[in-house]
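*Asks:* Encoded as structure tokens, here's the structure I'll be asking about.
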Amino acid sequence: MAYSEARVIAGGLAHIPIIIGIFWFVNSYFNKRRNNFEKANNPVKAKPTAKPKVKAVEKPTIKKVENKVSEAKKPENKVSEVKPKSNPPATLSSEIKTVPPKSKENTKIDQKTLNKMKHADVPVNTYRPKTPFTGTVKENYSLLKEGAIGRVNHITFDLSGGDPFLNYVEGQSIGIMAEGEDSNGKPHKLRLYSIASTRHGDNFEGNTVSLCVRQLQYEKDGQTINGVCSTYLCDIKPGDKVKITGPVGKEMLLPDDEEANIVMLATGTGIAPMRAYLRRMFEPSEREKNNWNFKGKAWLFMGAPKSANLLYEEDLQRYLAKYPDNFKYTKAISREQQNTKGGRMYIQDRVTESANELFNMIEDEKTHIYLCGLKGMEPGIDEAMTKAAKEKGLDWSELRTQLRKAGRWHVETY
Ligand code: FAD
Ligand code: A2P
């Protein structure tokens with residue numbers, strides 16, 4: 001080999017480490033970029049750069065609220081996610097553990113299936129609008145005292161002879177089809193009403209259903225307009241025949257646990273399902289029949305315009321006298337009492353006053369909250385809960401989602 005040829009070969013070989021070096025540099029540059037991209041778009045799948053740690057359960061986090069009270073309406077905008085400084089209350093943290101963020105989808109399905117399974121035996125739609133059951137009015141009387149506003153009646157129907165029998169449980173509703181036709185000459189559509197009796201009925205014989213109905217009345221163009229179905233119901237007489245559908249609804253069912261705590265937030269006729277719960281809990285004949293002896297705490301927040309409008313008051317006072325350790329009753333009488341701002345006293349003001357005690361209850365996983373009545377109260381209740389939760393360092397919108405998922409937050413407003 002000539003000297004010059006040998007120089008060319010040696011020179012070529014000398015470039016190899018340089019080429020390898022450039023290749024390594026380019027390769028590691030693109031690897032780094034790819035890793036960063038994956039990390040940004042899919043943090044779970046991104047390759048760990050440090051030694052991987054095996055985690056059984058992702059650490060729970062609580063959203064701590066840092067916004068001002070006046071901004072409580074929009075908690076989502078002003079929260080920052082932090083790990084709890086001290087241990088969160090035992091039951092809350094255990095609930096959070098059951099909903100780890102990585103498996104949200106699975107948890108959702110599991111909880112849904114679980115809830116469905118739990119209530120699979122609750123009857124629904126035994127009677128539909130095309131083939132309603134015809135019940136007979138047994139009783140229809142006013143629930144109001146002298147000086148009350150409006151018209152609110154307790155109405156009981158006899159369900160005897162139904163084939164199939166119209167069974168129901170506490171917390172469900174039935175549909176009522178008012179007699180007559182609408183302005184298009186068609187039969188009136190059904191209206192839903194919360195059932196106010198227990199499954200045993202007011203007479204404990206298991207063959208009746210009761211409702212608590214406020215007549216809808218409003219002024220339009222100088223005329224008083226009466227609601228179709230509520231007026232029909234307030235006017236019907238014992239012996240009249242009424243078309244009934246249902247039962248429907250699984251949102252407001254009571255838990256099976258005798259040691260559950262039941263917080264009830266009701267305005268006006270929103271007391272209907274609560275009356276059924278309270279009868280089931282505290283009426284001696286119910287307790288005998290049920291084989292379900294309530295041992296928890298029941299707390300009713302009741303909103304009414306005047307004292308004379310308080311519904312089922314005598315029964316509630318009887319329960320209070322007999323079960324002072326198990327029943328608490330807080331009233332908000334809007335046109336007789338004032339809140340701290342000098343406005344009408346609403347149940348959300350009472351919630352704010354009792355925030356600490358209420359949240360101690362909510363932290364217990366045996367506590368269920370039921371909201372029923374005016375749709376308009378929902379934002380007010382949310383605001384009160386947001387404020388109360390914040391005082392405990394909790395984020396209400398997040399907590400409410402957890403409560404709902406756990407089947408502990410029940411709402412039926414209209
Ligand atoms: P309608 O003749 O149907 O008139 C209602 C319509 O009037 C409204 O849709 C609106 O368009 C109009 N209207 C109402 N107010 C005004 C106003 N101020 N100004 C102008 N227009 C107005 N009710 C009870 O009394 N007790 C219960 O326990 C109960 N439980 C319910 C449970 C559920 C799940 C639901 C969905 C509703 C419940 N309701 C209850 C409400 C009930 O179903 C009826 O909506 C209510 O009785 C009015 O029906 P109506 O036929 O009398 O009124
Ligand atoms: P008010 O009507 O004085 O404003 P009823 O169904 O018998 O009228 O009772 C409903 C009760 O709920 C009343 O005391 C009523 O007060 C009150 N209420 C009205 N609007 C709200 C609201 N947005 N939040 C809470 N309570 C309300």
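We label chains A, B, ... in the order they appear in the structure tokens, count residues from 1 in each chain, and number ligands from 1 in the order shown.
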List as a Markdown table every residue of chain A that is in contact with ligand 1, defined as an atom at most 9 Å from one of its atoms (using only C-alpha atoms and all ligand atoms), together with the nearest atom pair and the distance in Å rounded to one decimal, sorted by chain and then rising number.
*Replies:*
```
| residue | atom | partner | partner_atom_place_in_ligand_line | distance |
| --- | --- | --- | --- | --- |
| A:Val152 | CA | ligand 1 | 25 (O) | 7.5 |
| A:Asn153 | CA | ligand 1 | 25 (O) | 8.6 |
| A:Gln172 | CA | ligand 1 | 34 (C) | 8.4 |
| A:Ser173 | CA | ligand 1 | 32 (C) | 6.3 |
| A:Ile174 | CA | ligand 1 | 32 (C) | 8.2 |
| A:Gly175 | CA | ligand 1 | 43 (O) | 8.0 |
| A:Ile176 | CA | ligand 1 | 43 (O) | 8.5 |
| A:Ala178 | CA | ligand 1 | 51 (O) | 7.9 |
| A:His188 | CA | ligand 1 | 51 (O) | 8.6 |
| A:Lys189 | CA | ligand 1 | 51 (O) | 8.6 |
| A:Leu190 | CA | ligand 1 | 43 (O) | 8.1 |
| A:Arg191 | CA | ligand 1 | 43 (O) | 4.3 |
| A:Leu192 | CA | ligand 1 | 43 (O) | 4.1 |
| A:Tyr193 | CA | ligand 1 | 30 (N) | 3.5 |
| A:Ser194 | CA | ligand 1 | 28 (O) | 4.0 |
| A:Ile195 | CA | ligand 1 | 28 (O) | 6.6 |
| A:Ala196 | CA | ligand 1 | 28 (O) | 7.3 |
| A:Leu211 | CA | ligand 1 | 28 (O) | 6.2 |
| A:Cys212 | CA | ligand 1 | 26 (N) | 5.3 |
| A:Val213 | CA | ligand 1 | 25 (O) | 3.5 |
| A:Arg214 | CA | ligand 1 | 25 (O) | 3.9 |
| A:Gln215 | CA | ligand 1 | 52 (O) | 6.2 |
| A:Leu216 | CA | ligand 1 | 52 (O) | 5.1 |
| A:Gln217 | CA | ligand 1 | 15 (N) | 7.0 |
| A:Tyr218 | CA | ligand 1 | 18 (N) | 4.9 |
| A:Glu219 | CA | ligand 1 | 19 (N) | 6.7 |
| A:Lys220 | CA | ligand 1 | 20 (C) | 6.6 |
| A:Ile225 | CA | ligand 1 | 7 (O) | 8.2 |
| A:Asn226 | CA | ligand 1 | 2 (O) | 6.7 |
| A:Gly227 | CA | ligand 1 | 52 (O) | 3.1 |
| A:Val228 | CA | ligand 1 | 2 (O) | 3.8 |
| A:Cys229 | CA | ligand 1 | 51 (O) | 3.5 |
| A:Ser230 | CA | ligand 1 | 52 (O) | 3.6 |
| A:Thr231 | CA | ligand 1 | 52 (O) | 5.8 |
| A:Tyr232 | CA | ligand 1 | 52 (O) | 7.7 |
| A:Leu233 | CA | ligand 1 | 52 (O) | 8.5 |
| A:Val248 | CA | ligand 1 | 34 (C) | 8.6 |
| A:Gly249 | CA | ligand 1 | 34 (C) | 7.7 |
| A:Gly268 | CA | ligand 1 | 26 (N) | 8.3 |
| A:Thr269 | CA | ligand 1 | 26 (N) | 5.0 |
| A:Gly270 | CA | ligand 1 | 28 (O) | 6.1 |
| A:Ile271 | CA | ligand 1 | 28 (O) | 7.7 |
| A:Ala272 | CA | ligand 1 | 28 (O) | 5.5 |
| A:Pro273 | CA | ligand 1 | 28 (O) | 7.6 |
| A:Cys372 | CA | ligand 1 | 32 (C) | 8.4 |
| A:Gly373 | CA | ligand 1 | 30 (N) | 7.4 |
| A:Glu412 | CA | ligand 1 | 34 (C) | 5.9 |
| A:Thr413 | CA | ligand 1 | 33 (C) | 6.7 |
| A:Tyr414 | CA | ligand 1 | 37 (C) | 4.9 |
```
*Asks:* Please, could you write that set of residues out with N, CA and C atoms as a CSV table (one decimal), in the first residue's frame?
*Replies:*
```
chain,number,residue,atom,x,y,z
A,152,VAL,N,-102.2,25.0,51.2
A,152,VAL,CA,-101.4,23.7,51.1
A,152,VAL,C,-102.2,22.6,51.8
A,153,ASN,N,-102.4,21.5,51.0
A,153,ASN,CA,-103.3,20.5,51.5
A,153,ASN,C,-102.6,19.1,51.7
A,172,GLN,N,-90.0,8.4,47.1
A,172,GLN,CA,-90.4,8.4,45.7
A,172,GLN,C,-91.5,9.4,45.5
A,173,SER,N,-91.9,9.5,44.2
A,173,SER,CA,-93.0,10.5,43.8
A,173,SER,C,-94.0,9.7,43.0
A,174,ILE,N,-95.2,10.3,42.9
A,174,ILE,CA,-96.2,9.7,42.0
A,174,ILE,C,-96.6,10.8,41.0
A,175,GLY,N,-97.2,10.4,39.9
A,175,GLY,CA,-97.7,11.3,38.9
A,175,GLY,C,-99.2,11.4,39.1
A,176,ILE,N,-99.8,12.6,38.9
A,176,ILE,CA,-101.2,12.8,39.0
A,176,ILE,C,-101.7,13.4,37.6
A,178,ALA,N,-104.6,15.4,36.0
A,178,ALA,CA,-105.8,16.2,36.4
A,178,ALA,C,-106.9,15.9,35.4
A,188,HIS,N,-104.7,16.5,30.2
A,188,HIS,CA,-103.6,17.1,30.9
A,188,HIS,C,-102.5,16.2,31.1
A,189,LYS,N,-101.3,16.7,30.9
A,189,LYS,CA,-100.1,15.9,31.2
A,189,LYS,C,-100.0,15.7,32.7
A,190,LEU,N,-99.3,14.6,33.1
A,190,LEU,CA,-99.1,14.3,34.5
A,190,LEU,C,-98.2,15.4,35.2
A,191,ARG,N,-98.4,15.6,36.4
A,191,ARG,CA,-97.5,16.4,37.3
A,191,ARG,C,-97.0,15.5,38.4
A,192,LEU,N,-95.8,15.6,38.7
A,192,LEU,CA,-95.2,14.8,39.8
A,192,LEU,C,-95.4,15.4,41.1
A,193,TYR,N,-95.6,14.6,42.1
A,193,TYR,CA,-95.7,15.0,43.5
A,193,TYR,C,-94.9,14.1,44.4
A,194,SER,N,-94.1,14.6,45.3
A,194,SER,CA,-93.3,13.8,46.3
A,194,SER,C,-94.3,13.1,47.2
A,195,ILE,N,-94.1,11.9,47.5
A,195,ILE,CA,-94.9,11.1,48.4
A,195,ILE,C,-94.6,11.5,49.8
A,196,ALA,N,-95.7,11.8,50.6
A,196,ALA,CA,-95.5,12.3,52.0
A,196,ALA,C,-95.7,11.3,53.0
A,211,LEU,N,-100.0,12.9,49.8
A,211,LEU,CA,-99.3,14.0,49.2
A,211,LEU,C,-99.4,15.3,50.0
A,212,CYS,N,-98.5,16.2,49.8
A,212,CYS,CA,-98.6,17.5,50.4
A,212,CYS,C,-98.5,18.5,49.2
A,213,VAL,N,-99.6,19.2,49.0
A,213,VAL,CA,-99.7,20.0,47.7
A,213,VAL,C,-100.0,21.4,48.0
A,214,ARG,N,-99.1,22.3,47.4
A,214,ARG,CA,-99.4,23.7,47.5
A,214,ARG,C,-100.1,24.1,46.2
A,215,GLN,N,-101.2,24.9,46.3
A,215,GLN,CA,-101.9,25.3,45.1
A,215,GLN,C,-101.0,26.4,44.4
A,216,LEU,N,-100.7,26.2,43.1
A,216,LEU,CA,-99.9,27.3,42.4
A,216,LEU,C,-100.9,28.4,42.0
A,217,GLN,N,-100.5,29.6,42.4
A,217,GLN,CA,-101.3,30.8,42.1
A,217,GLN,C,-100.3,31.9,41.8
A,218,TYR,N,-100.6,32.6,40.7
A,218,TYR,CA,-99.8,33.8,40.4
A,218,TYR,C,-100.6,34.8,39.6
A,219,GLU,N,-100.1,36.0,39.6
A,219,GLU,CA,-100.8,37.1,38.9
A,219,GLU,C,-100.3,37.3,37.5
A,220,LYS,N,-101.1,37.5,36.5
A,220,LYS,CA,-100.7,37.8,35.2
A,220,LYS,C,-101.7,38.7,34.5
A,225,ILE,N,-104.0,33.5,38.1
A,225,ILE,CA,-103.9,32.3,37.4
A,225,ILE,C,-103.7,31.1,38.4
A,226,ASN,N,-104.6,30.1,38.3
A,226,ASN,CA,-104.5,28.9,39.2
A,226,ASN,C,-103.8,27.8,38.4
A,227,GLY,N,-102.8,27.2,39.0
A,227,GLY,CA,-102.2,26.0,38.4
A,227,GLY,C,-103.2,24.9,38.2
A,228,VAL,N,-103.0,24.2,37.1
A,228,VAL,CA,-104.0,23.2,36.7
A,228,VAL,C,-104.1,22.1,37.7
A,229,CYS,N,-103.0,21.4,37.9
A,229,CYS,CA,-103.1,20.1,38.7
A,229,CYS,C,-103.2,20.4,40.2
A,230,SER,N,-102.4,21.4,40.6
A,230,SER,CA,-102.4,21.7,42.1
A,230,SER,C,-103.8,22.2,42.5
A,231,THR,N,-104.5,22.9,41.7
A,231,THR,CA,-105.8,23.4,42.0
A,231,THR,C,-106.8,22.2,42.0
A,232,TYR,N,-106.7,21.4,41.0
A,232,TYR,CA,-107.5,20.1,40.9
A,232,TYR,C,-107.3,19.3,42.2
A,233,LEU,N,-106.0,19.2,42.6
A,233,LEU,CA,-105.8,18.3,43.8
A,233,LEU,C,-106.3,19.0,45.1
A,248,VAL,N,-92.2,6.8,40.9
A,248,VAL,CA,-90.9,7.1,40.2
A,248,VAL,C,-89.9,7.7,41.2
A,249,GLY,N,-88.6,7.6,40.8
A,249,GLY,CA,-87.6,8.3,41.5
A,249,GLY,C,-86.8,7.4,42.5
A,268,GLY,N,-91.1,24.9,52.1
A,268,GLY,CA,-92.5,24.6,51.7
A,268,GLY,C,-92.9,23.2,51.6
A,269,THR,N,-93.5,22.8,50.5
A,269,THR,CA,-93.9,21.4,50.3
A,269,THR,C,-92.7,20.4,50.1
A,270,GLY,N,-91.5,21.0,50.1
A,270,GLY,CA,-90.3,20.2,50.1
A,270,GLY,C,-90.2,19.3,51.3
A,271,ILE,N,-91.1,19.6,52.3
A,271,ILE,CA,-91.1,18.8,53.5
A,271,ILE,C,-91.7,17.4,53.2
A,272,ALA,N,-92.4,17.2,52.1
A,272,ALA,CA,-93.2,16.0,51.9
A,272,ALA,C,-92.3,14.7,52.0
A,273,PRO,N,-91.2,14.5,51.3
A,273,PRO,CA,-90.4,13.3,51.6
A,273,PRO,C,-89.9,13.2,53.0
A,372,CYS,N,-85.0,19.4,49.3
A,372,CYS,CA,-86.2,19.3,48.5
A,372,CYS,C,-87.0,20.6,48.7
A,373,GLY,N,-87.7,21.0,47.6
A,373,GLY,CA,-88.5,22.2,47.6
A,373,GLY,C,-88.2,23.1,46.4
A,412,GLU,N,-83.9,17.1,45.1
A,412,GLU,CA,-85.2,17.1,44.3
A,412,GLU,C,-85.8,18.4,44.5
A,413,THR,N,-85.6,19.3,43.5
A,413,THR,CA,-86.2,20.6,43.6
A,413,THR,C,-87.0,20.9,42.3
A,414,TYR,N,-88.0,21.8,42.5
A,414,TYR,CA,-88.9,22.0,41.4
A,414,TYR,C,-89.4,23.4,41.4
```
*Asks:* Find the residues of chain A that sit at most 6 Å from ligand 2; for each, write down the nearest two atoms and how far apart they are in Å, to one decimal. Count only C-alpha atoms and all ligand atoms. Sort by chain, then by number going up, and give it as JSON lines.
*Replies:*
```
{"residue": "A:Thr267", "atom": "CA", "partner": "ligand 2", "partner_atom_place_in_ligand_line": "12 (O)", "distance": 4.6}
{"residue": "A:Gly268", "atom": "CA", "partner": "ligand 2", "partner_atom_place_in_ligand_line": "6 (O)", "distance": 3.5}
{"residue": "A:Thr269", "atom": "CA", "partner": "ligand 2", "partner_atom_place_in_ligand_line": "6 (O)", "distance": 5.8}
{"residue": "A:Gly303", "atom": "CA", "partner": "ligand 2", "partner_atom_place_in_ligand_line": "11 (C)", "distance": 4.8}
{"residue": "A:Ala304", "atom": "CA", "partner": "ligand 2", "partner_atom_place_in_ligand_line": "14 (O)", "distance": 3.5}
{"residue": "A:Pro305", "atom": "CA", "partner": "ligand 2", "partner_atom_place_in_ligand_line": "14 (O)", "distance": 3.5}
{"residue": "A:Ile333", "atom": "CA", "partner": "ligand 2", "partner_atom_place_in_ligand_line": "14 (O)", "distance": 5.8}
{"residue": "A:Ser334", "atom": "CA", "partner": "ligand 2", "partner_atom_place_in_ligand_line": "3 (O)", "distance": 4.6}
{"residue": "A:Arg335", "atom": "CA", "partner": "ligand 2", "partner_atom_place_in_ligand_line": "3 (O)", "distance": 5.2}
{"residue": "A:Tyr346", "atom": "CA", "partner": "ligand 2", "partner_atom_place_in_ligand_line": "26 (N)", "distance": 4.7}
{"residue": "A:Ile347", "atom": "CA", "partner": "ligand 2", "partner_atom_place_in_ligand_line": "25 (C)", "distance": 5.8}
{"residue": "A:Gly376", "atom": "CA", "partner": "ligand 2", "partner_atom_place_in_ligand_line": "23 (N)", "distance": 4.2}
{"residue": "A:Met377", "atom": "CA", "partner": "ligand 2", "partner_atom_place_in_ligand_line": "24 (N)", "distance": 3.4}
{"residue": "A:Gly380", "atom": "CA", "partner": "ligand 2", "partner_atom_place_in_ligand_line": "24 (N)", "distance": 5.7}
```
*Asks:* Selection from above, N, CA, C and O atoms, as a PDB file, in the first residue's frame, can you write it?
*Replies:*
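Now in selection22.pdb:
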```pdb
ATOM      1  N   THR A 267     -87.915  23.512  51.797  1.00  0.00           N
ATOM      2  CA  THR A 267     -88.740  24.734  51.782  1.00  0.00           C
ATOM      3  C   THR A 267     -90.153  24.322  51.384  1.00  0.00           C
ATOM      4  O   THR A 267     -90.341  23.508  50.470  1.00  0.00           O
ATOM      5  N   GLY A 268     -91.134  24.876  52.068  1.00  0.00           N
ATOM      6  CA  GLY A 268     -92.547  24.631  51.725  1.00  0.00           C
ATOM      7  C   GLY A 268     -92.878  23.158  51.622  1.00  0.00           C
ATOM      8  O   GLY A 268     -92.574  22.364  52.525  1.00  0.00           O
ATOM      9  N   THR A 269     -93.493  22.782  50.462  1.00  0.00           N
ATOM     10  CA  THR A 269     -93.916  21.383  50.292  1.00  0.00           C
ATOM     11  C   THR A 269     -92.726  20.435  50.131  1.00  0.00           C
ATOM     12  O   THR A 269     -92.928  19.217  50.055  1.00  0.00           O
ATOM     13  N   GLY A 303     -87.959  25.728  55.846  1.00  0.00           N
ATOM     14  CA  GLY A 303     -88.242  27.107  55.450  1.00  0.00           C
ATOM     15  C   GLY A 303     -89.722  27.309  55.161  1.00  0.00           C
ATOM     16  O   GLY A 303     -90.325  26.556  54.384  1.00  0.00           O
ATOM     17  N   ALA A 304     -90.321  28.302  55.820  1.00  0.00           N
ATOM     18  CA  ALA A 304     -91.742  28.623  55.584  1.00  0.00           C
ATOM     19  C   ALA A 304     -91.897  30.134  55.684  1.00  0.00           C
ATOM     20  O   ALA A 304     -91.137  30.795  56.401  1.00  0.00           O
ATOM     21  N   PRO A 305     -92.897  30.698  54.988  1.00  0.00           N
ATOM     22  CA  PRO A 305     -93.035  32.159  55.043  1.00  0.00           C
ATOM     23  C   PRO A 305     -93.507  32.671  56.410  1.00  0.00           C
ATOM     24  O   PRO A 305     -93.073  33.719  56.859  1.00  0.00           O
ATOM     25  N   ILE A 333     -88.199  31.157  59.271  1.00  0.00           N
ATOM     26  CA  ILE A 333     -89.534  31.687  58.953  1.00  0.00           C
ATOM     27  C   ILE A 333     -89.341  33.041  58.291  1.00  0.00           C
ATOM     28  O   ILE A 333     -89.175  34.068  58.957  1.00  0.00           O
ATOM     29  N   SER A 334     -89.356  33.011  56.991  1.00  0.00           N
ATOM     30  CA  SER A 334     -88.828  34.122  56.187  1.00  0.00           C
ATOM     31  C   SER A 334     -89.494  35.472  56.440  1.00  0.00           C
ATOM     32  O   SER A 334     -88.833  36.494  56.393  1.00  0.00           O
ATOM     33  N   ARG A 335     -90.790  35.464  56.719  1.00  0.00           N
ATOM     34  CA  ARG A 335     -91.461  36.763  56.854  1.00  0.00           C
ATOM     35  C   ARG A 335     -91.667  37.184  58.306  1.00  0.00           C
ATOM     36  O   ARG A 335     -92.298  38.191  58.588  1.00  0.00           O
ATOM     37  N   TYR A 346     -83.841  32.723  55.428  1.00  0.00           N
ATOM     38  CA  TYR A 346     -83.983  31.520  54.611  1.00  0.00           C
ATOM     39  C   TYR A 346     -83.177  30.378  55.213  1.00  0.00           C
ATOM     40  O   TYR A 346     -82.283  30.609  56.032  1.00  0.00           O
ATOM     41  N   ILE A 347     -83.456  29.168  54.735  1.00  0.00           N
ATOM     42  CA  ILE A 347     -82.748  28.028  55.355  1.00  0.00           C
ATOM     43  C   ILE A 347     -81.238  28.115  55.145  1.00  0.00           C
ATOM     44  O   ILE A 347     -80.479  27.663  55.987  1.00  0.00           O
ATOM     45  N   GLY A 376     -85.190  27.498  43.429  1.00  0.00           N
ATOM     46  CA  GLY A 376     -84.473  28.744  43.699  1.00  0.00           C
ATOM     47  C   GLY A 376     -83.571  28.707  44.923  1.00  0.00           C
ATOM     48  O   GLY A 376     -82.695  29.554  45.081  1.00  0.00           O
ATOM     49  N   MET A 377     -83.753  27.725  45.802  1.00  0.00           N
ATOM     50  CA  MET A 377     -82.916  27.721  47.015  1.00  0.00           C
ATOM     51  C   MET A 377     -81.535  27.118  46.739  1.00  0.00           C
ATOM     52  O   MET A 377     -80.609  27.308  47.530  1.00  0.00           O
ATOM     53  N   GLY A 380     -78.471  29.437  46.816  1.00  0.00           N
ATOM     54  CA  GLY A 380     -78.289  29.942  48.174  1.00  0.00           C
ATOM     55  C   GLY A 380     -77.657  28.891  49.084  1.00  0.00           C
ATOM     56  O   GLY A 380     -76.769  29.195  49.884  1.00  0.00           O
TER      57      GLY A 380
END
```
*Asks:* At a cut-off of 8 Å, using only C-alpha atoms, what residues contact Phe359 in chain A? Leave out same-chain residues fewer than 3 positions from it and give the result as a PyMOL selection string.
*Replies:* chain A and resi 355-356+362-363+388-389
*Asks:* Taking all heavy atoms for each residue, export the selection above as a PDB file, in the first residue's frame.
*Replies:*
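Contents of selection.pdb, as written:
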```pdb
ATOM      1  N   ALA A 355     -72.954  26.108  60.582  1.00  0.00           N
ATOM      2  CA  ALA A 355     -71.970  25.517  59.666  1.00  0.00           C
ATOM      3  C   ALA A 355     -71.037  24.508  60.340  1.00  0.00           C
ATOM      4  O   ALA A 355     -70.829  23.409  59.817  1.00  0.00           O
ATOM      5  CB  ALA A 355     -71.160  26.624  59.020  1.00  0.00           C
ATOM      6  N   ASN A 356     -70.540  24.882  61.502  1.00  0.00           N
ATOM      7  CA  ASN A 356     -69.528  24.015  62.115  1.00  0.00           C
ATOM      8  C   ASN A 356     -70.096  22.646  62.468  1.00  0.00           C
ATOM      9  O   ASN A 356     -69.551  21.607  62.093  1.00  0.00           O
ATOM     10  CB  ASN A 356     -68.960  24.710  63.366  1.00  0.00           C
ATOM     11  CG  ASN A 356     -67.600  24.178  63.698  1.00  0.00           C
ATOM     12  OD1 ASN A 356     -66.834  23.814  62.796  1.00  0.00           O
ATOM     13  ND2 ASN A 356     -67.310  24.098  64.965  1.00  0.00           N
ATOM     14  N   ILE A 362     -71.244  16.157  58.283  1.00  0.00           N
ATOM     15  CA  ILE A 362     -70.990  15.766  56.893  1.00  0.00           C
ATOM     16  C   ILE A 362     -69.699  14.951  56.784  1.00  0.00           C
ATOM     17  O   ILE A 362     -69.581  14.055  55.956  1.00  0.00           O
ATOM     18  CB  ILE A 362     -70.942  17.013  55.978  1.00  0.00           C
ATOM     19  CG1 ILE A 362     -72.332  17.661  55.916  1.00  0.00           C
ATOM     20  CG2 ILE A 362     -70.484  16.652  54.564  1.00  0.00           C
ATOM     21  CD1 ILE A 362     -72.387  18.966  55.141  1.00  0.00           C
ATOM     22  N   GLU A 363     -68.750  15.274  57.661  1.00  0.00           N
ATOM     23  CA  GLU A 363     -67.482  14.547  57.622  1.00  0.00           C
ATOM     24  C   GLU A 363     -67.643  13.078  58.018  1.00  0.00           C
ATOM     25  O   GLU A 363     -66.771  12.267  57.762  1.00  0.00           O
ATOM     26  CB  GLU A 363     -66.463  15.236  58.536  1.00  0.00           C
ATOM     27  CG  GLU A 363     -65.865  16.456  57.854  1.00  0.00           C
ATOM     28  CD  GLU A 363     -65.127  17.373  58.809  1.00  0.00           C
ATOM     29  OE1 GLU A 363     -64.973  17.012  59.992  1.00  0.00           O
ATOM     30  OE2 GLU A 363     -64.709  18.444  58.364  1.00  0.00           O
ATOM     31  N   ALA A 388     -69.190  27.786  54.466  1.00  0.00           N
ATOM     32  CA  ALA A 388     -68.955  26.927  55.631  1.00  0.00           C
ATOM     33  C   ALA A 388     -67.773  25.992  55.384  1.00  0.00           C
ATOM     34  O   ALA A 388     -66.935  25.793  56.269  1.00  0.00           O
ATOM     35  CB  ALA A 388     -70.210  26.116  55.926  1.00  0.00           C
ATOM     36  N   ALA A 389     -67.702  25.437  54.179  1.00  0.00           N
ATOM     37  CA  ALA A 389     -66.610  24.504  53.850  1.00  0.00           C
ATOM     38  C   ALA A 389     -65.279  25.230  53.906  1.00  0.00           C
ATOM     39  O   ALA A 389     -64.288  24.703  54.405  1.00  0.00           O
ATOM     40  CB  ALA A 389     -66.829  23.906  52.466  1.00  0.00           C
TER      41      ALA A 389
END
```
*Asks:* What does the distance between CA of Lys289 in chain A and CA of Asp202 in chain A come to in Å, to one decimal place?
*Replies:* 12.8 Å
*Asks:* Find the spatial neighbours of Phe294 in chain A, counting only C-alpha atoms, within a cut-off of 12 Å - ignore same-chain residues fewer than 3 positions away - and output them as a list in words.
*Replies:*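 My list of contacting residues is Leu254, Pro255, Asp256, Asp257, Glu258, Glu259, Ala260, Asn261, Ile262, Tyr277, Leu278, Arg279, Arg280, Met281, Phe282, Glu283, Pro284, Glu286, Arg287, Glu288, Asn290, Asn291, Lys297, Ala298, Tyr323, Asp325, Asn326 and Phe327 of chain A.
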*Asks:* Which is closer to Thr134 in chain A than all the others in A:Met117, A:Cys234, A:Val242, A:Ile369, using only C-alpha atoms?
*Replies:*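 Using only C-alpha atoms, Thr134 in chain A sits closest to A:Val242.
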*Asks:* Kindly indicate which residue among A:Leu399, A:Ala120, A:Leu310, A:Leu371 lies nearest to Gly171 in chain A, using only C-alpha atoms for the distances.
*Replies:*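 Smallest separation from Gly171 in chain A among the options: A:Leu371.
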*Asks:* Could you find all residues in range 136-191 of chain A that DSSP calls strand (DSSP E or B) from the backbone, and write them as a PyMOL selection string?
*Replies:* chain A and resi 136-142+152-158+173-177+181+187+191
*Asks:* Neighbours of Leu300 in chain A within 7 Å (only C-alpha atoms; same-chain residues fewer than 6 positions away dropped), as a PyMOL selection string?
*Replies:* chain A and resi 263-265+328-330
*Asks:* May I ask for the distance between CA of Pro129 in chain A and CA of Thr245 in chain A, given in Å to one decimal place?
*Replies:*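 Taking CA of Pro129 in chain A and CA of Thr245 in chain A, their separation equals 6.1 Å.
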*Asks:* Considering only C-alpha atoms, return as a PyMOL selection string whatever protein or nucleic-acid residues lie within 8 Å of range 204-210 of chain A, sequence-local ones (same chain, fewer than 2 positions apart) excluded.
*Replies:* chain A and resi 154-160+195-202+212+285-286
*Asks:* Which residue gives the smallest distance to Thr136 in chain A among A:Gly162, A:Lys405, A:Lys118, A:Asn293, with only C-alpha atoms counted?
*Replies:* A:Gly162
*Asks:* Go through A:Asn115, A:Asn203, A:Asn125, A:Asn309 and flag the residue nearest Ile149 in chain A, using only C-alpha atoms for the distances.
*Replies:* A:Asn309
*Asks:* Between CA of Pro123 in chain A and CA of Phe165 in chain A, what is the distance, to one decimal in Å?
*Replies:*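 Going from CA of Pro123 in chain A over to CA of Phe165 in chain A, I get 10.5 Å.
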